[in-house]
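Written below as structure tokens is the structure these notes are about.
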Amino acid sequence: MNNKISYQELIETISQNCDISKKVCESFFKDFFAIIEENLTAGKSVKIKRLGTFKVTTSEPRKIIEVNSGQEMEIPAQNKVSFIPDKEIADAVNIAFAGFETVTLDDCNDDIIIQLNNSECIDKEDNTNSILPPPIPTTNNETNINNTETAENDNVDIAEDTQPEILDSIPQEEGTETLNNQEELNNQEADMIENEDEQLNNDDKKGNNKFAKGFFWGFISATCSLSILLIIVSQFIGLPMIINNYSSDIKTDTIAEAKITNAQATKIQAEADSFAILSKAKELKVKVKLDTIGKNRFLTTMARENYGDYNFWVYIYEENKDILKNPNKIKPGTVVIIPDANKYNIDKNNPESLIEAKQKAYLIFKKFE
Amino acid sequence: MDSKQFAKKLSEKTGKTNQEIDLMIDGLVTVIKDKCAKMDSIAIPSFGTFEPKKRLERINTHPSSGKKILIPPKISLSFKASSVLKNKLRPDK
């Protein structure tokens with residue numbers, strides 16, 4: 001990008017490509033450009049096949065008024081060299097925008113036209129945003145219930161983050177997760193009400209049977225929901241030990257309710273098993289490839305490894321649109337999903353798909369200009 | 001001066017066959033294609049620079065129909081003559 005290639009480099013690459021010694025090449029191109037120069041100074045135009053046409057154009061002398069001093073000056077007649085590239089070479093240079101065509105617009109204001117230009121990218125963004133559910137709200141609510149529990153939950157959450165299979169950006173899994181989360185939220189709301197009841201009980205010290213029963217069932221439902229959550233999470237991580245310890249803790253805490261909780265626990269475990277099977281089936285269905293961006297590992301390197309051409313980085317970007325913002329300013333350590341090549345019709349041997357990728361890259365960069 | 005005349009003159013000066021000249025020009029053209037598509041410019045001393053220029057998309061009126069048209073962005077190859085060549089071309093010289 002924006003490098004200046006010196007004459008030496010040019011000669012080197014040509015001699016390598018054509019299998020001709022550097023010396024011969026250098027003297028040849030010296031003569032080559034000398035002849036063009038000769039003809040141009042003689043006022044002739046030079047047409048070279050596959051390269052283009054060099055022409056000399058004369059500009060008339062003109063008068064200008066200098067802005068600073070206000071004096072009139074005359075710019076003398078000048079000869080200028082104009083170069084018209086051959087169609088083949090012009091098309092090759094313009095390959096990045098080769099797919100664009102001139103569009104005729106009817107009865108449109110300029111503002112609307114400009115909006116139309118940008119609308120394509122904005123629409124896509126909106127769609128993706130609406131599809132994805134909002135980020136997990138549960139962790140904050142859970143903190144309200146119990147401090148000891150949150151400590152464990154936090155640990156689990158962190159482990160979840162590090163586990164790449166349970167990335168939140170996987171849409172299908174996220175759907176089920178949010179459903180679970182919603183269920184838990186409902187349970188927790190009920191718990192809160194029950195807890196209030198408990199406080200009322202303590203304050204009044206009436207010991208009504210109804211209140212006691214309410215508290216009893218509330219506590220059971222709370223333990224059930226929490227153990228479901230923990231079992232699900234632990235199934236993902238593969239650490240069932242934590243729950244066993246945790247459930248035994250609960251048992252010791254509530255000796256009176258031990259029998260009932262045992263009965264419930266078997267039910268819950270059966271449920272949790274079915275959940276785990278479901279989630280495993282989903283994992284098998286959605287085989288997601290992940291990669292981490294490093295200091296020397298960019299989207300382009302990943303694209304070259306996975307699809308064979310660096311230009312296809314745009315599709316990795318598209319897949320991770322909600323995480324990534326400016327493609328030139330991605331923090332090292334960001335984990336990205338690498339989509340399947342068939343999802344975006346990526347084919348390195350197809351020039352059309354290459355052109356499409358380049359156009360997408362242009363649109364993406366334009367957003368961050 | 002067209003391409004044939006140019007090739008003839010070049011072969012006289014360098015003593016190369018037309019095929020060799022074709023091969024060399026092909027080499028130059030492929031290098032310009034490759035490098036300029038990547039927005040690199042190629043400088044040739046005492047002659048000039050081949051550089052790609054990016055032109056943004058713009059809205060224009062069609063000269064014959066008078067309708068508004070959207071012209072897409074484009075990278076065009078341009079040539080900038082060096083000051084040495086410019087001096088040689090000065091009419092008063």
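Identifiers in this document derive from the order of the structure tokens: chains are assigned A, B, ..., residues are numbered from 1 separately in each chain, and ligands are numbered from 1 in order of occurrence.
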
*Output as an NGL selection string the set of chain B residues within 6 Å of chain A, with distances taken over only C-alpha atoms.*
:B and (1-3 or 27 or 33 or 36-44 or 68-72 or 75 or 79 or 89)

Please dump the current selection as a PDB file, in the first residue's frame; keep N, CA, C and O atoms.
ATOM      1  N   MET B   1       3.551   7.791 -33.552  1.00  0.00           N
ATOM      2  CA  MET B   1       4.323   6.556 -33.647  1.00  0.00           C
ATOM      3  C   MET B   1       3.524   5.411 -33.028  1.00  0.00           C
ATOM      4  O   MET B   1       3.147   5.485 -31.865  1.00  0.00           O
ATOM      5  N   ASP B   2       3.251   4.406 -33.828  1.00  0.00           N
ATOM      6  CA  ASP B   2       2.452   3.315 -33.261  1.00  0.00           C
ATOM      7  C   ASP B   2       3.359   2.187 -32.754  1.00  0.00           C
ATOM      8  O   ASP B   2       4.587   2.279 -32.806  1.00  0.00           O
ATOM      9  N   SER B   3       2.714   1.154 -32.290  1.00  0.00           N
ATOM     10  CA  SER B   3       3.443   0.104 -31.584  1.00  0.00           C
ATOM     11  C   SER B   3       4.456  -0.603 -32.478  1.00  0.00           C
ATOM     12  O   SER B   3       5.548  -0.946 -32.023  1.00  0.00           O
ATOM     13  N   GLY B  27       6.466  -8.310 -19.343  1.00  0.00           N
ATOM     14  CA  GLY B  27       6.981  -8.295 -17.969  1.00  0.00           C
ATOM     15  C   GLY B  27       6.707  -6.976 -17.288  1.00  0.00           C
ATOM     16  O   GLY B  27       6.226  -6.939 -16.150  1.00  0.00           O
ATOM     17  N   LYS B  33       0.652  -3.866 -13.430  1.00  0.00           N
ATOM     18  CA  LYS B  33      -0.677  -4.350 -13.031  1.00  0.00           C
ATOM     19  C   LYS B  33      -0.679  -4.764 -11.570  1.00  0.00           C
ATOM     20  O   LYS B  33      -1.540  -4.364 -10.792  1.00  0.00           O
ATOM     21  N   CYS B  36       0.317  -1.653  -9.078  1.00  0.00           N
ATOM     22  CA  CYS B  36      -0.628  -0.534  -9.028  1.00  0.00           C
ATOM     23  C   CYS B  36      -1.982  -0.988  -8.477  1.00  0.00           C
ATOM     24  O   CYS B  36      -2.700  -0.186  -7.894  1.00  0.00           O
ATOM     25  N   ALA B  37      -2.325  -2.270  -8.654  1.00  0.00           N
ATOM     26  CA  ALA B  37      -3.566  -2.768  -8.051  1.00  0.00           C
ATOM     27  C   ALA B  37      -3.460  -2.753  -6.535  1.00  0.00           C
ATOM     28  O   ALA B  37      -4.464  -2.694  -5.838  1.00  0.00           O
ATOM     29  N   LYS B  38      -2.233  -2.807  -6.017  1.00  0.00           N
ATOM     30  CA  LYS B  38      -2.023  -2.729  -4.565  1.00  0.00           C
ATOM     31  C   LYS B  38      -1.751  -1.292  -4.130  1.00  0.00           C
ATOM     32  O   LYS B  38      -1.236  -1.066  -3.031  1.00  0.00           O
ATOM     33  N   MET B  39      -1.998  -0.339  -4.993  1.00  0.00           N
ATOM     34  CA  MET B  39      -1.811   1.091  -4.706  1.00  0.00           C
ATOM     35  C   MET B  39      -0.337   1.472  -4.528  1.00  0.00           C
ATOM     36  O   MET B  39      -0.021   2.456  -3.873  1.00  0.00           O
ATOM     37  N   ASP B  40       0.556   0.690  -5.093  1.00  0.00           N
ATOM     38  CA  ASP B  40       1.968   1.080  -5.077  1.00  0.00           C
ATOM     39  C   ASP B  40       2.276   1.844  -6.361  1.00  0.00           C
ATOM     40  O   ASP B  40       1.691   1.564  -7.403  1.00  0.00           O
ATOM     41  N   SER B  41       3.207   2.780  -6.272  1.00  0.00           N
ATOM     42  CA  SER B  41       3.583   3.511  -7.486  1.00  0.00           C
ATOM     43  C   SER B  41       4.965   3.059  -7.942  1.00  0.00           C
ATOM     44  O   SER B  41       5.779   2.607  -7.142  1.00  0.00           O
ATOM     45  N   ILE B  42       5.192   3.186  -9.226  1.00  0.00           N
ATOM     46  CA  ILE B  42       6.460   2.750  -9.800  1.00  0.00           C
ATOM     47  C   ILE B  42       7.190   3.961 -10.352  1.00  0.00           C
ATOM     48  O   ILE B  42       6.667   4.683 -11.210  1.00  0.00           O
ATOM     49  N   ALA B  43       8.386   4.184  -9.841  1.00  0.00           N
ATOM     50  CA  ALA B  43       9.151   5.364 -10.256  1.00  0.00           C
ATOM     51  C   ALA B  43      10.237   4.945 -11.241  1.00  0.00           C
ATOM     52  O   ALA B  43      10.976   3.989 -10.995  1.00  0.00           O
ATOM     53  N   ILE B  44      10.315   5.658 -12.341  1.00  0.00           N
ATOM     54  CA  ILE B  44      11.374   5.414 -13.310  1.00  0.00           C
ATOM     55  C   ILE B  44      12.206   6.693 -13.400  1.00  0.00           C
ATOM     56  O   ILE B  44      11.672   7.759 -13.738  1.00  0.00           O
ATOM     57  N   LYS B  68     -29.652  11.982 -13.863  1.00  0.00           N
ATOM     58  CA  LYS B  68     -28.555  11.892 -12.894  1.00  0.00           C
ATOM     59  C   LYS B  68     -28.024  10.461 -12.851  1.00  0.00           C
ATOM     60  O   LYS B  68     -28.805   9.506 -12.815  1.00  0.00           O
ATOM     61  N   ILE B  69     -26.720  10.362 -12.846  1.00  0.00           N
ATOM     62  CA  ILE B  69     -26.139   9.026 -12.779  1.00  0.00           C
ATOM     63  C   ILE B  69     -25.120   8.973 -11.644  1.00  0.00           C
ATOM     64  O   ILE B  69     -24.464   9.970 -11.332  1.00  0.00           O
ATOM     65  N   LEU B  70     -25.039   7.809 -11.063  1.00  0.00           N
ATOM     66  CA  LEU B  70     -24.069   7.585  -9.984  1.00  0.00           C
ATOM     67  C   LEU B  70     -22.859   6.880 -10.574  1.00  0.00           C
ATOM     68  O   LEU B  70     -22.977   5.765 -11.089  1.00  0.00           O
ATOM     69  N   ILE B  71     -21.733   7.567 -10.516  1.00  0.00           N
ATOM     70  CA  ILE B  71     -20.529   6.978 -11.081  1.00  0.00           C
ATOM     71  C   ILE B  71     -19.766   6.284  -9.961  1.00  0.00           C
ATOM     72  O   ILE B  71     -19.501   6.875  -8.918  1.00  0.00           O
ATOM     73  N   PRO B  72     -19.451   5.017 -10.141  1.00  0.00           N
ATOM     74  CA  PRO B  72     -18.815   4.251  -9.046  1.00  0.00           C
ATOM     75  C   PRO B  72     -17.372   4.688  -8.795  1.00  0.00           C
ATOM     76  O   PRO B  72     -16.756   5.337  -9.647  1.00  0.00           O
ATOM     77  N   ILE B  75     -10.120   3.093  -9.411  1.00  0.00           N
ATOM     78  CA  ILE B  75      -8.682   3.340  -9.310  1.00  0.00           C
ATOM     79  C   ILE B  75      -8.173   3.472 -10.733  1.00  0.00           C
ATOM     80  O   ILE B  75      -8.315   2.556 -11.532  1.00  0.00           O
ATOM     81  N   PHE B  79       0.051   8.769 -15.008  1.00  0.00           N
ATOM     82  CA  PHE B  79       1.488   8.921 -15.202  1.00  0.00           C
ATOM     83  C   PHE B  79       1.857  10.374 -14.929  1.00  0.00           C
ATOM     84  O   PHE B  79       1.207  11.291 -15.398  1.00  0.00           O
ATOM     85  N   LEU B  89      10.903  19.012 -22.316  1.00  0.00           N
ATOM     86  CA  LEU B  89       9.743  19.274 -23.168  1.00  0.00           C
ATOM     87  C   LEU B  89       9.400  20.764 -23.258  1.00  0.00           C
ATOM     88  O   LEU B  89       8.491  21.137 -23.970  1.00  0.00           O
TER      89      LEU B  89
END

*asked:* Give me, as a ChimeraX atom specification, the residues of chain B that a backbone DSSP run labels helix (DSSP H, G or I).
replied: /B:3-14,18-37,83-88

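Near Ala303 (chain A), within 10 Å and counting only C-alpha atoms, sit Phe298, Gly308, Asp309, Tyr310, Asn311, Phe312, Trp313, Val314, Tyr315, Ile316 and Ile338 of chain A, not including residues fewer than 5 positions from it in the same chain.
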
Kindly save the residues from that selection, with C-alpha atoms included, as a compact mmCIF listing (two decimals), in the first residue's frame.
# COMPACT_ATOMS: atom_id res chain seq x y z
CA PHE A 298 -4.69 -10.60 11.88
CA GLY A 308 -6.55 -19.38 0.66
CA ASP A 309 -6.68 -15.65 0.05
CA TYR A 310 -6.25 -12.75 2.44
CA ASN A 311 -9.00 -10.76 0.76
CA PHE A 312 -11.65 -12.96 2.37
CA TRP A 313 -11.01 -11.44 5.80
CA VAL A 314 -14.19 -9.42 5.27
CA TYR A 315 -16.32 -12.51 5.89
CA ILE A 316 -14.66 -13.21 9.23
CA ILE A 338 -14.37 -18.37 11.56

_DSSP-assigned strand (DSSP E) members of chain B, reported as a count of residues only_ = 28

_Residue contacts of Ile293 (chain A) (10 Å, only C-alpha atoms) excluding same-chain residues fewer than 6 positions away, as a list in words_ = Leu299, Thr301, Met302, Ile330, Lys331, Pro332, Gly333, Thr334, Val335 and Val336 of chain A

*By how many Å are CA of Arg55 (chain B) and CA of Tyr317 (chain A) apart?*
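Result for CA of Arg55 (chain B) versus CA of Tyr317 (chain A): 25.5 Å, one decimal.
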
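For the pair CA of Ile232 (chain A) and CA of Ala272 (chain A), the separation is 6.2 Å.
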
*What is the distance, in Å and to one decimal place, between CA of Leu10 (chain B) and CA of Val29 (chain B)?*
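Separating CA of Leu10 (chain B) from CA of Val29 (chain B) is a distance of 16.8 Å.
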
_as a PyMOL selection string, please: the residues near Lys80 (chain B) (cut-off 7 Å, only C-alpha atoms, same-chain neighbours under 4 positions excluded)._
chain B and resi 48-50

*Rank nothing, just name the residue among B:Ala81, B:Leu28, B:Leu23, B:Ala7 nearest to Glu51 (chain B), using only C-alpha atoms.*
B:Ala81
